[in-house]
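Listing of entry_17.csv; format and content: CSV, C-alpha atoms.
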```csv
chain,number,residue,atom,x,y,z
S,1,MET,CA,0.0,0.0,0.0
S,2,THR,CA,1.4,3.4,-1.0
S,3,ASP,CA,1.8,6.2,1.6
S,4,PHE,CA,-0.8,8.2,-0.4
S,5,PHE,CA,-3.6,5.7,0.2
S,6,ARG,CA,-2.6,4.6,3.7
S,7,PRO,CA,-4.4,7.6,5.6
S,8,LEU,CA,-7.5,7.1,3.5
S,9,PHE,CA,-7.6,3.3,4.2
S,10,THR,CA,-7.0,4.0,8.0
S,11,ALA,CA,-9.9,6.5,8.1
S,12,LEU,CA,-12.3,4.1,6.3
S,13,THR,CA,-11.3,1.3,8.6
S,14,LEU,CA,-11.8,3.4,11.6
S,15,THR,CA,-15.2,4.6,10.4
S,16,CYS,CA,-16.4,1.0,9.7
S,17,TRP,CA,-15.1,-0.1,13.1
S,18,LEU,CA,-16.9,2.7,14.9
S,19,SER,CA,-20.1,1.9,13.1
S,20,TRP,CA,-19.8,-1.8,14.0
S,21,SER,CA,-18.8,-0.9,17.5
S,22,PHE,CA,-21.9,1.3,18.0
S,23,ALA,CA,-24.2,-1.4,16.7
S,24,ALA,CA,-22.5,-4.1,18.8
S,25,GLU,CA,-22.9,-2.1,22.0
S,26,THR,CA,-26.6,-1.4,21.4
S,27,ASN,CA,-29.0,-4.2,22.1
S,28,VAL,CA,-32.1,-3.7,20.0
S,29,ASP,CA,-35.4,-5.4,20.3
S,30,VAL,CA,-38.3,-5.1,17.9
S,31,VAL,CA,-41.9,-5.9,19.0
S,32,THR,CA,-45.2,-6.0,17.2
S,33,GLU,CA,-48.7,-7.5,17.5
S,34,LEU,CA,-50.7,-9.9,15.4
S,35,SER,CA,-52.6,-7.8,12.9
S,36,ALA,CA,-52.8,-9.1,9.3
S,37,PRO,CA,-51.9,-8.1,6.7
S,38,LEU,CA,-49.4,-5.8,8.3
S,39,GLN,CA,-47.8,-8.4,10.6
S,40,PHE,CA,-48.7,-12.0,11.2
S,41,GLU,CA,-47.2,-15.5,11.6
S,42,GLU,CA,-46.9,-17.9,8.8
S,43,ASN,CA,-45.0,-21.2,9.0
S,44,GLY,CA,-43.4,-20.1,12.3
S,45,ARG,CA,-42.1,-16.8,10.8
S,46,ILE,CA,-43.4,-13.2,11.3
S,47,VAL,CA,-44.3,-11.8,7.9
S,48,GLY,CA,-46.7,-9.2,6.5
S,49,VAL,CA,-46.3,-5.9,4.6
S,50,ALA,CA,-45.2,-3.8,7.5
S,51,THR,CA,-42.8,-6.6,8.7
S,52,GLU,CA,-41.1,-6.7,5.3
S,53,ILE,CA,-40.7,-2.9,5.4
S,54,VAL,CA,-39.2,-3.0,8.9
S,55,ARG,CA,-36.9,-5.8,7.9
S,56,GLU,CA,-35.7,-3.8,4.9
S,57,LEU,CA,-35.2,-0.7,7.1
S,58,PHE,CA,-32.9,-2.7,9.5
S,59,ALA,CA,-31.2,-4.4,6.6
S,60,ARG,CA,-30.0,-0.9,5.5
S,61,THR,CA,-28.4,-0.4,9.0
S,62,ASP,CA,-25.9,-2.2,11.1
S,63,TRP,CA,-28.6,-3.7,13.3
S,64,GLN,CA,-30.3,-7.0,12.7
S,65,PRO,CA,-32.6,-7.6,15.6
S,66,GLU,CA,-35.1,-10.4,16.0
S,67,ILE,CA,-38.8,-9.5,15.8
S,68,LYS,CA,-41.1,-10.7,18.6
S,69,MET,CA,-44.9,-10.9,18.5
S,70,LEU,CA,-46.7,-10.0,21.7
S,71,PRO,CA,-50.2,-8.9,22.7
S,72,TRP,CA,-50.5,-5.1,21.9
S,73,ALA,CA,-50.7,-3.9,25.5
S,74,ARG,CA,-47.5,-5.8,26.4
S,75,ALA,CA,-45.6,-4.8,23.3
S,76,TYR,CA,-46.5,-1.1,23.8
S,77,GLN,CA,-45.4,-1.2,27.5
S,78,ASN,CA,-42.1,-2.8,26.5
S,79,ALA,CA,-41.5,0.0,24.0
S,80,LEU,CA,-42.6,2.7,26.4
S,81,ALA,CA,-40.6,1.5,29.3
S,82,ARG,CA,-37.2,0.7,27.7
S,83,PRO,CA,-34.9,2.5,25.3
S,84,ASN,CA,-33.8,0.7,22.1
S,85,VAL,CA,-37.1,-1.2,21.7
S,86,ALA,CA,-38.7,-0.6,18.4
S,87,ILE,CA,-42.4,-1.1,17.9
S,88,TYR,CA,-44.6,-1.3,14.8
S,89,SER,CA,-47.2,-0.7,13.4
S,90,ILE,CA,-48.1,2.1,15.7
S,91,ALA,CA,-50.3,5.1,15.2
S,92,ARG,CA,-48.8,8.6,15.8
S,93,THR,CA,-51.1,10.4,18.2
S,94,PRO,CA,-50.7,13.6,20.2
S,95,GLU,CA,-50.6,11.6,23.4
S,96,ARG,CA,-47.8,9.4,22.2
S,97,GLU,CA,-45.8,12.1,20.4
S,98,GLU,CA,-43.5,13.2,23.2
S,99,HIS,CA,-42.6,9.6,24.2
S,100,PHE,CA,-41.2,8.3,20.9
S,101,GLU,CA,-38.9,8.9,18.0
S,102,TRP,CA,-40.8,8.2,14.8
S,103,ILE,CA,-39.8,6.5,11.6
S,104,GLY,CA,-42.3,6.6,8.8
S,105,PRO,CA,-45.1,6.4,8.1
S,106,ILE,CA,-44.2,2.9,7.0
S,107,VAL,CA,-47.7,1.9,5.8
S,108,PRO,CA,-51.0,3.8,4.9
S,109,ILE,CA,-54.1,2.9,6.8
S,110,GLN,CA,-57.8,3.7,6.7
S,111,PHE,CA,-59.6,2.8,9.9
S,112,GLY,CA,-63.4,2.2,10.0
S,113,ILE,CA,-66.1,0.5,11.9
S,114,TYR,CA,-67.7,-2.6,10.3
S,115,ARG,CA,-70.7,-4.8,10.8
S,116,LEU,CA,-71.7,-8.1,9.3
S,117,ARG,CA,-73.6,-7.4,6.1
S,118,SER,CA,-76.4,-9.6,7.4
S,119,ARG,CA,-77.0,-7.3,10.4
S,120,ASN,CA,-79.5,-4.9,8.9
S,121,ASP,CA,-80.7,-4.1,12.4
S,122,ILE,CA,-77.6,-2.0,13.0
S,123,SER,CA,-77.9,1.6,11.9
S,124,VAL,CA,-75.1,4.1,12.3
S,125,THR,CA,-75.3,7.7,11.1
S,126,SER,CA,-73.0,9.4,13.6
S,127,LEU,CA,-70.4,8.5,16.2
S,128,ALA,CA,-73.0,8.9,18.9
S,129,ASP,CA,-75.0,6.0,17.4
S,130,LEU,CA,-72.1,3.6,18.2
S,131,ARG,CA,-72.9,3.7,21.9
S,132,ARG,CA,-76.0,1.5,21.2
S,133,TYR,CA,-73.8,-1.4,20.0
S,134,THR,CA,-71.1,-3.6,21.4
S,135,ILE,CA,-67.8,-2.9,19.7
S,136,GLY,CA,-64.7,-5.2,19.7
S,137,VAL,CA,-61.4,-3.4,20.3
S,138,VAL,CA,-57.9,-4.5,21.1
S,139,GLN,CA,-56.9,-3.5,24.7
S,140,GLY,CA,-54.8,-0.3,24.8
S,141,ASP,CA,-54.5,0.2,21.0
S,142,VAL,CA,-55.2,3.5,19.3
S,143,ARG,CA,-58.7,2.5,18.3
S,144,HIS,CA,-59.6,1.6,21.8
S,145,LEU,CA,-58.2,4.8,23.2
S,146,TYR,CA,-59.9,6.9,20.5
S,147,LEU,CA,-63.4,5.5,21.3
S,148,GLN,CA,-62.7,6.0,25.0
S,149,LYS,CA,-61.9,9.7,24.3
S,150,GLN,CA,-65.4,9.9,22.6
S,151,GLY,CA,-66.9,9.0,26.0
S,152,MET,CA,-67.3,5.2,25.5
S,153,GLN,CA,-66.4,2.8,28.3
S,154,ASP,CA,-65.3,-0.8,28.6
S,155,PHE,CA,-67.5,-3.6,29.7
S,156,PRO,CA,-69.3,-4.1,31.9
S,157,GLU,CA,-70.2,-0.4,32.4
S,158,GLY,CA,-70.0,0.5,28.7
S,159,ASN,CA,-70.1,-1.0,25.2
S,160,LEU,CA,-66.4,-1.6,24.4
S,161,ASN,CA,-65.5,-5.3,24.5
S,162,THR,CA,-61.7,-5.5,24.9
S,163,VAL,CA,-59.5,-8.5,23.8
S,164,SER,CA,-55.8,-9.1,23.5
S,165,SER,CA,-55.7,-9.5,19.7
S,166,GLN,CA,-57.6,-8.5,16.6
S,167,GLU,CA,-58.0,-12.2,15.6
S,168,LEU,CA,-60.2,-12.7,18.6
S,169,ASN,CA,-62.4,-9.7,17.5
S,170,TYR,CA,-62.9,-11.4,14.1
S,171,ARG,CA,-64.1,-14.6,15.7
S,172,LYS,CA,-66.5,-12.8,18.0
S,173,LEU,CA,-68.0,-10.7,15.2
S,174,PHE,CA,-68.6,-13.7,13.0
S,175,ALA,CA,-70.0,-15.7,16.0
S,176,GLY,CA,-72.4,-12.9,16.8
S,177,ARG,CA,-70.9,-12.1,20.2
S,178,ILE,CA,-70.3,-8.5,19.3
S,179,ASP,CA,-72.0,-6.1,16.9
S,180,LEU,CA,-69.2,-4.1,15.4
S,181,ILE,CA,-65.5,-4.2,14.9
S,182,VAL,CA,-62.9,-1.5,14.3
S,183,MET,CA,-60.3,-2.5,11.6
S,184,GLY,CA,-58.2,-1.2,8.8
S,185,SER,CA,-59.7,-1.5,5.4
S,186,MET,CA,-56.5,-3.2,4.2
S,187,THR,CA,-57.2,-6.2,6.3
S,188,CYS,CA,-59.0,-7.8,3.4
S,189,VAL,CA,-55.9,-7.9,1.2
S,190,THR,CA,-54.8,-11.1,2.8
S,191,LYS,CA,-58.3,-12.7,2.6
S,192,ARG,CA,-57.7,-14.1,6.1
S,193,ILE,CA,-61.3,-13.2,6.9
S,194,ASP,CA,-64.4,-13.3,4.7
S,195,CYS,CA,-64.7,-9.5,4.0
S,196,GLU,CA,-67.6,-10.1,1.6
S,197,GLN,CA,-69.7,-10.6,4.7
S,198,LEU,CA,-68.7,-7.2,6.1
S,199,THR,CA,-69.8,-3.6,5.4
S,200,LEU,CA,-68.5,-0.3,6.5
S,201,VAL,CA,-70.8,1.8,8.8
S,202,HIS,CA,-68.5,4.6,9.9
S,203,THR,CA,-65.0,5.9,9.0
S,204,LEU,CA,-62.4,7.1,11.6
S,205,ASP,CA,-60.6,9.7,9.5
S,206,GLU,CA,-58.8,11.2,12.5
S,207,LEU,CA,-56.9,7.9,13.0
S,208,SER,CA,-56.1,7.3,9.3
S,209,GLU,CA,-52.8,9.1,8.8
S,210,GLY,CA,-50.5,6.1,8.5
S,211,LEU,CA,-48.6,3.8,10.9
S,212,TYR,CA,-45.0,4.0,12.1
S,213,LEU,CA,-42.0,2.3,13.5
S,214,ALA,CA,-41.2,4.0,16.8
S,215,LEU,CA,-38.5,3.9,19.5
S,216,ARG,CA,-38.7,5.5,23.0
S,217,LYS,CA,-37.0,8.9,23.3
S,218,GLY,CA,-33.6,8.3,24.9
S,219,SER,CA,-32.8,5.4,22.6
S,220,ASP,CA,-29.4,5.2,21.0
S,221,SER,CA,-29.1,8.3,18.7
S,222,THR,CA,-27.0,6.4,16.2
S,223,LEU,CA,-29.7,3.7,15.9
S,224,VAL,CA,-32.5,6.3,15.4
S,225,ALA,CA,-30.5,8.3,12.9
S,226,SER,CA,-29.7,5.1,10.9
S,227,LEU,CA,-33.3,4.1,10.7
S,228,GLN,CA,-34.5,7.6,9.7
S,229,SER,CA,-31.8,7.7,7.0
S,230,ALA,CA,-32.8,4.2,5.8
S,231,PHE,CA,-36.4,5.3,5.6
S,232,SER,CA,-35.5,8.4,3.6
S,233,THR,CA,-33.5,6.3,1.2
S,234,MET,CA,-36.2,3.7,0.8
S,235,TYR,CA,-38.7,6.4,-0.1
S,236,LYS,CA,-36.4,8.0,-2.6
S,237,ASP,CA,-35.3,4.8,-4.4
S,238,GLY,CA,-38.9,3.5,-4.7
S,239,LYS,CA,-38.5,0.4,-2.5
S,240,LEU,CA,-41.0,1.7,0.1
S,241,LEU,CA,-43.7,2.1,-2.4
S,242,ALA,CA,-43.0,-1.3,-3.9
S,243,LEU,CA,-43.4,-3.0,-0.6
S,244,GLN,CA,-46.6,-1.0,0.2
S,245,LYS,CA,-48.2,-1.9,-3.1
S,246,PRO,CA,-50.4,-4.8,-1.7
S,247,LEU,CA,-51.9,-2.2,0.7
S,248,VAL,CA,-52.6,0.6,-1.7
S,249,ASP,CA,-54.4,-1.6,-4.3
S,250,LEU,CA,-58.0,-1.4,-3.0
S,251,THR,CA,-59.6,-3.3,-5.9
S,252,GLN,CA,-59.5,-6.6,-4.0
S,253,HIS,CA,-61.9,-5.4,-1.4
S,254,ALA,CA,-63.8,-2.5,-2.9
S,255,ASN,CA,-67.0,-4.2,-2.0
S,256,VAL,CA,-66.3,-3.7,1.7
S,257,LEU,CA,-66.0,0.0,1.4
S,258,LYS,CA,-69.5,0.5,0.0
```

I need this file expressed as structure tokens, please.
Amino acid sequence: MTDFFRPLFTALTLTCWLSWSFAAETNVDVVTELSAPLQFEENGRIVGVATEIVRELFARTDWQPEIKMLPWARAYQNALARPNVAIYSIARTPEREEHFEWIGPIVPIQFGIYRLRSRNDISVTSLADLRRYTIGVVQGDVRHLYLQKQGMQDFPEGNLNTVSSQELNYRKLFAGRIDLIVMGSMTCVTKRIDCEQLTLVHTLDELSEGLYLALRKGSDSTLVASLQSAFSTMYKDGKLLALQKPLVDLTQHANVLK
């Protein structure tokens, strides 16, 4: 090696070593909940549109953490209580804003309240009408908190039926144990439930601004900056839109949105 290239080689080596060193010293966990098609388990592996985006984000950094699936309330408490715990897919709300660093939005979302198409006895023309019906929600998630802010209460005093996962809500709705369910319109992309049996009764536009990957404030600044940079690059090179495509194509479930 010539003397001319030796300083450059030394600088590059030091930079790579420092980058690796920062990553090696930072223990990163990633948590999520079961919510198809964004994230779900298939053949023992966590997959889904949001999961693939999160994997791609981390693939563009020096961190390669394992993703763990937990009930939403537990996943959220993990992320809220500890630095360097990334959580997805999470809604960005005023109440959460000051607690997290935000990367995204990683996926678009349109939340709405649905009934079985056969339940013609259910009539909803305003948010106030929802109080007359039992609504399935996931304990502690943004849809649950939003309806509570509208003055609704959990069972047994009120009409909100809380469960640990959205899959349980689907089962209860189709079994006739609840009247309504709050879900993202994109759920039907995977056809994991029979959306032809559902119809939209009310949209929740205030919640429909996209979902994020987030880390508690106080997390490793190098980690946060790397993820934010990776997101910016994914957006610019078109990879983000390519991974989002199954969600933005609404033709597969347009009948649900009528």

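You will find atom CA of Leu130 of chain S at 29.0 Å from atom CA of Phe40 of chain S.
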
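Reported to one decimal place, the separation of atom CA of Ala86 of chain S from atom CA of Gly104 of chain S is 12.5 Å.
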
Near-Thr26 of chain S list (10 Å; all atoms listed in the file; drop same-chain fewer than 6 positions) as an NGL selection string: :S and (63 or 83-84 or 219-220 or 222-223)

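Among the candidates S:Val248, S:Ala73, S:Leu243, S:Ile181, the residue lying nearest to Ile109 of chain S is S:Val248 (atoms considered: only C-alpha atoms).
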
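Here atom CA of Leu213 of chain S and atom CA of Ile106 of chain S stand 6.9 Å from one another.
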
Residue list as an MDAnalysis selection string for point (-44.4, 5.6, 12.5), cut-off 7 Å, all atoms listed in the file: chainID S and resid 89:92 102:106 211:214

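Among S:Arg55, S:Lys236, S:Arg192, S:His202, the residue with the shortest atom-to-atom distance to Ala36 of chain S, counting all atoms listed in the file, is S:Arg192.
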
Which polymer residues have any atom within 12 Å of an atom of Gln150 of chain S, counting all atoms listed in the file, with same-chain residues fewer than 3 positions away left out, as a PDB file with C-alpha atoms, in the coordinates of the input?
```
ATOM      1  CA  SER S 126     -73.000   9.400  13.600  1.00  0.00           C
ATOM      2  CA  LEU S 127     -70.400   8.500  16.200  1.00  0.00           C
ATOM      3  CA  ALA S 128     -73.000   8.900  18.900  1.00  0.00           C
ATOM      4  CA  ASP S 129     -75.000   6.000  17.400  1.00  0.00           C
ATOM      5  CA  LEU S 130     -72.100   3.600  18.200  1.00  0.00           C
ATOM      6  CA  ARG S 131     -72.900   3.700  21.900  1.00  0.00           C
ATOM      7  CA  ARG S 143     -58.700   2.500  18.300  1.00  0.00           C
ATOM      8  CA  HIS S 144     -59.600   1.600  21.800  1.00  0.00           C
ATOM      9  CA  LEU S 145     -58.200   4.800  23.200  1.00  0.00           C
ATOM     10  CA  TYR S 146     -59.900   6.900  20.500  1.00  0.00           C
ATOM     11  CA  LEU S 147     -63.400   5.500  21.300  1.00  0.00           C
ATOM     12  CA  GLN S 153     -66.400   2.800  28.300  1.00  0.00           C
ATOM     13  CA  LEU S 160     -66.400  -1.600  24.400  1.00  0.00           C
ATOM     14  CA  LEU S 204     -62.400   7.100  11.600  1.00  0.00           C
TER      15      LEU S 204
END
```

Arg216 of chain S environment, 10 Å, all atoms listed in the file, sequence neighbours closer than 5 positions dropped, as a PyMOL selection string: chain S and resi 78-87+96+98-102+224

All residues 8 Å or closer to segment 56-59 of chain S, only C-alpha atoms, same chain fewer than 6 positions away omitted, as JSON, numbers by chain: {"S": [65, 227, 230, 231, 234]}

Keeping N, CA, C and O atoms, write segment 103-114 of chain S of the structure just shown out as an mmCIF file, in the first residue's frame.
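Output file out.cif is given in full below:
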```
data_model
loop_
_atom_site.group_PDB
_atom_site.id
_atom_site.type_symbol
_atom_site.label_atom_id
_atom_site.label_comp_id
_atom_site.auth_asym_id
_atom_site.auth_seq_id
_atom_site.Cartn_x
_atom_site.Cartn_y
_atom_site.Cartn_z
ATOM 1 N N ILE S 103 -40.294 6.844 12.913
ATOM 2 C CA ILE S 103 -39.771 6.525 11.585
ATOM 3 C C ILE S 103 -40.954 6.141 10.707
ATOM 4 O O ILE S 103 -41.651 5.160 10.969
ATOM 5 N N GLY S 104 -41.179 6.916 9.663
ATOM 6 C CA GLY S 104 -42.309 6.612 8.802
ATOM 7 C C GLY S 104 -43.043 7.854 8.341
ATOM 8 O O GLY S 104 -42.480 8.953 8.366
ATOM 9 N N PRO S 105 -44.320 7.632 7.947
ATOM 10 C CA PRO S 105 -45.122 6.423 8.112
ATOM 11 C C PRO S 105 -44.675 5.280 7.197
ATOM 12 O O PRO S 105 -44.345 5.513 6.042
ATOM 13 N N ILE S 106 -44.690 4.073 7.754
ATOM 14 C CA ILE S 106 -44.238 2.916 6.973
ATOM 15 C C ILE S 106 -45.362 2.311 6.140
ATOM 16 O O ILE S 106 -45.098 1.703 5.110
ATOM 17 N N VAL S 107 -46.615 2.443 6.608
ATOM 18 C CA VAL S 107 -47.747 1.927 5.828
ATOM 19 C C VAL S 107 -48.922 2.894 5.932
ATOM 20 O O VAL S 107 -49.130 3.527 6.966
ATOM 21 N N PRO S 108 -49.719 2.996 4.856
ATOM 22 C CA PRO S 108 -50.954 3.782 4.937
ATOM 23 C C PRO S 108 -52.029 2.970 5.654
ATOM 24 O O PRO S 108 -51.929 1.749 5.751
ATOM 25 N N ILE S 109 -53.035 3.649 6.164
ATOM 26 C CA ILE S 109 -54.120 2.948 6.846
ATOM 27 C C ILE S 109 -55.396 3.770 6.755
ATOM 28 O O ILE S 109 -55.339 4.998 6.725
ATOM 29 N N GLN S 110 -56.517 3.095 6.658
ATOM 30 C CA GLN S 110 -57.826 3.743 6.745
ATOM 31 C C GLN S 110 -58.659 2.938 7.725
ATOM 32 O O GLN S 110 -59.071 1.820 7.430
ATOM 33 N N PHE S 111 -58.865 3.489 8.925
ATOM 34 C CA PHE S 111 -59.635 2.788 9.934
ATOM 35 C C PHE S 111 -61.121 3.050 9.754
ATOM 36 O O PHE S 111 -61.543 4.156 9.405
ATOM 37 N N GLY S 112 -61.908 2.027 10.014
ATOM 38 C CA GLY S 112 -63.351 2.170 9.959
ATOM 39 C C GLY S 112 -64.014 1.179 10.888
ATOM 40 O O GLY S 112 -63.379 0.274 11.427
ATOM 41 N N ILE S 113 -65.317 1.365 11.081
ATOM 42 C CA ILE S 113 -66.099 0.465 11.920
ATOM 43 C C ILE S 113 -67.020 -0.343 11.011
ATOM 44 O O ILE S 113 -67.714 0.217 10.160
ATOM 45 N N TYR S 114 -66.997 -1.643 11.190
ATOM 46 C CA TYR S 114 -67.691 -2.565 10.298
ATOM 47 C C TYR S 114 -68.699 -3.419 11.057
ATOM 48 O O TYR S 114 -68.514 -3.720 12.237
#
```
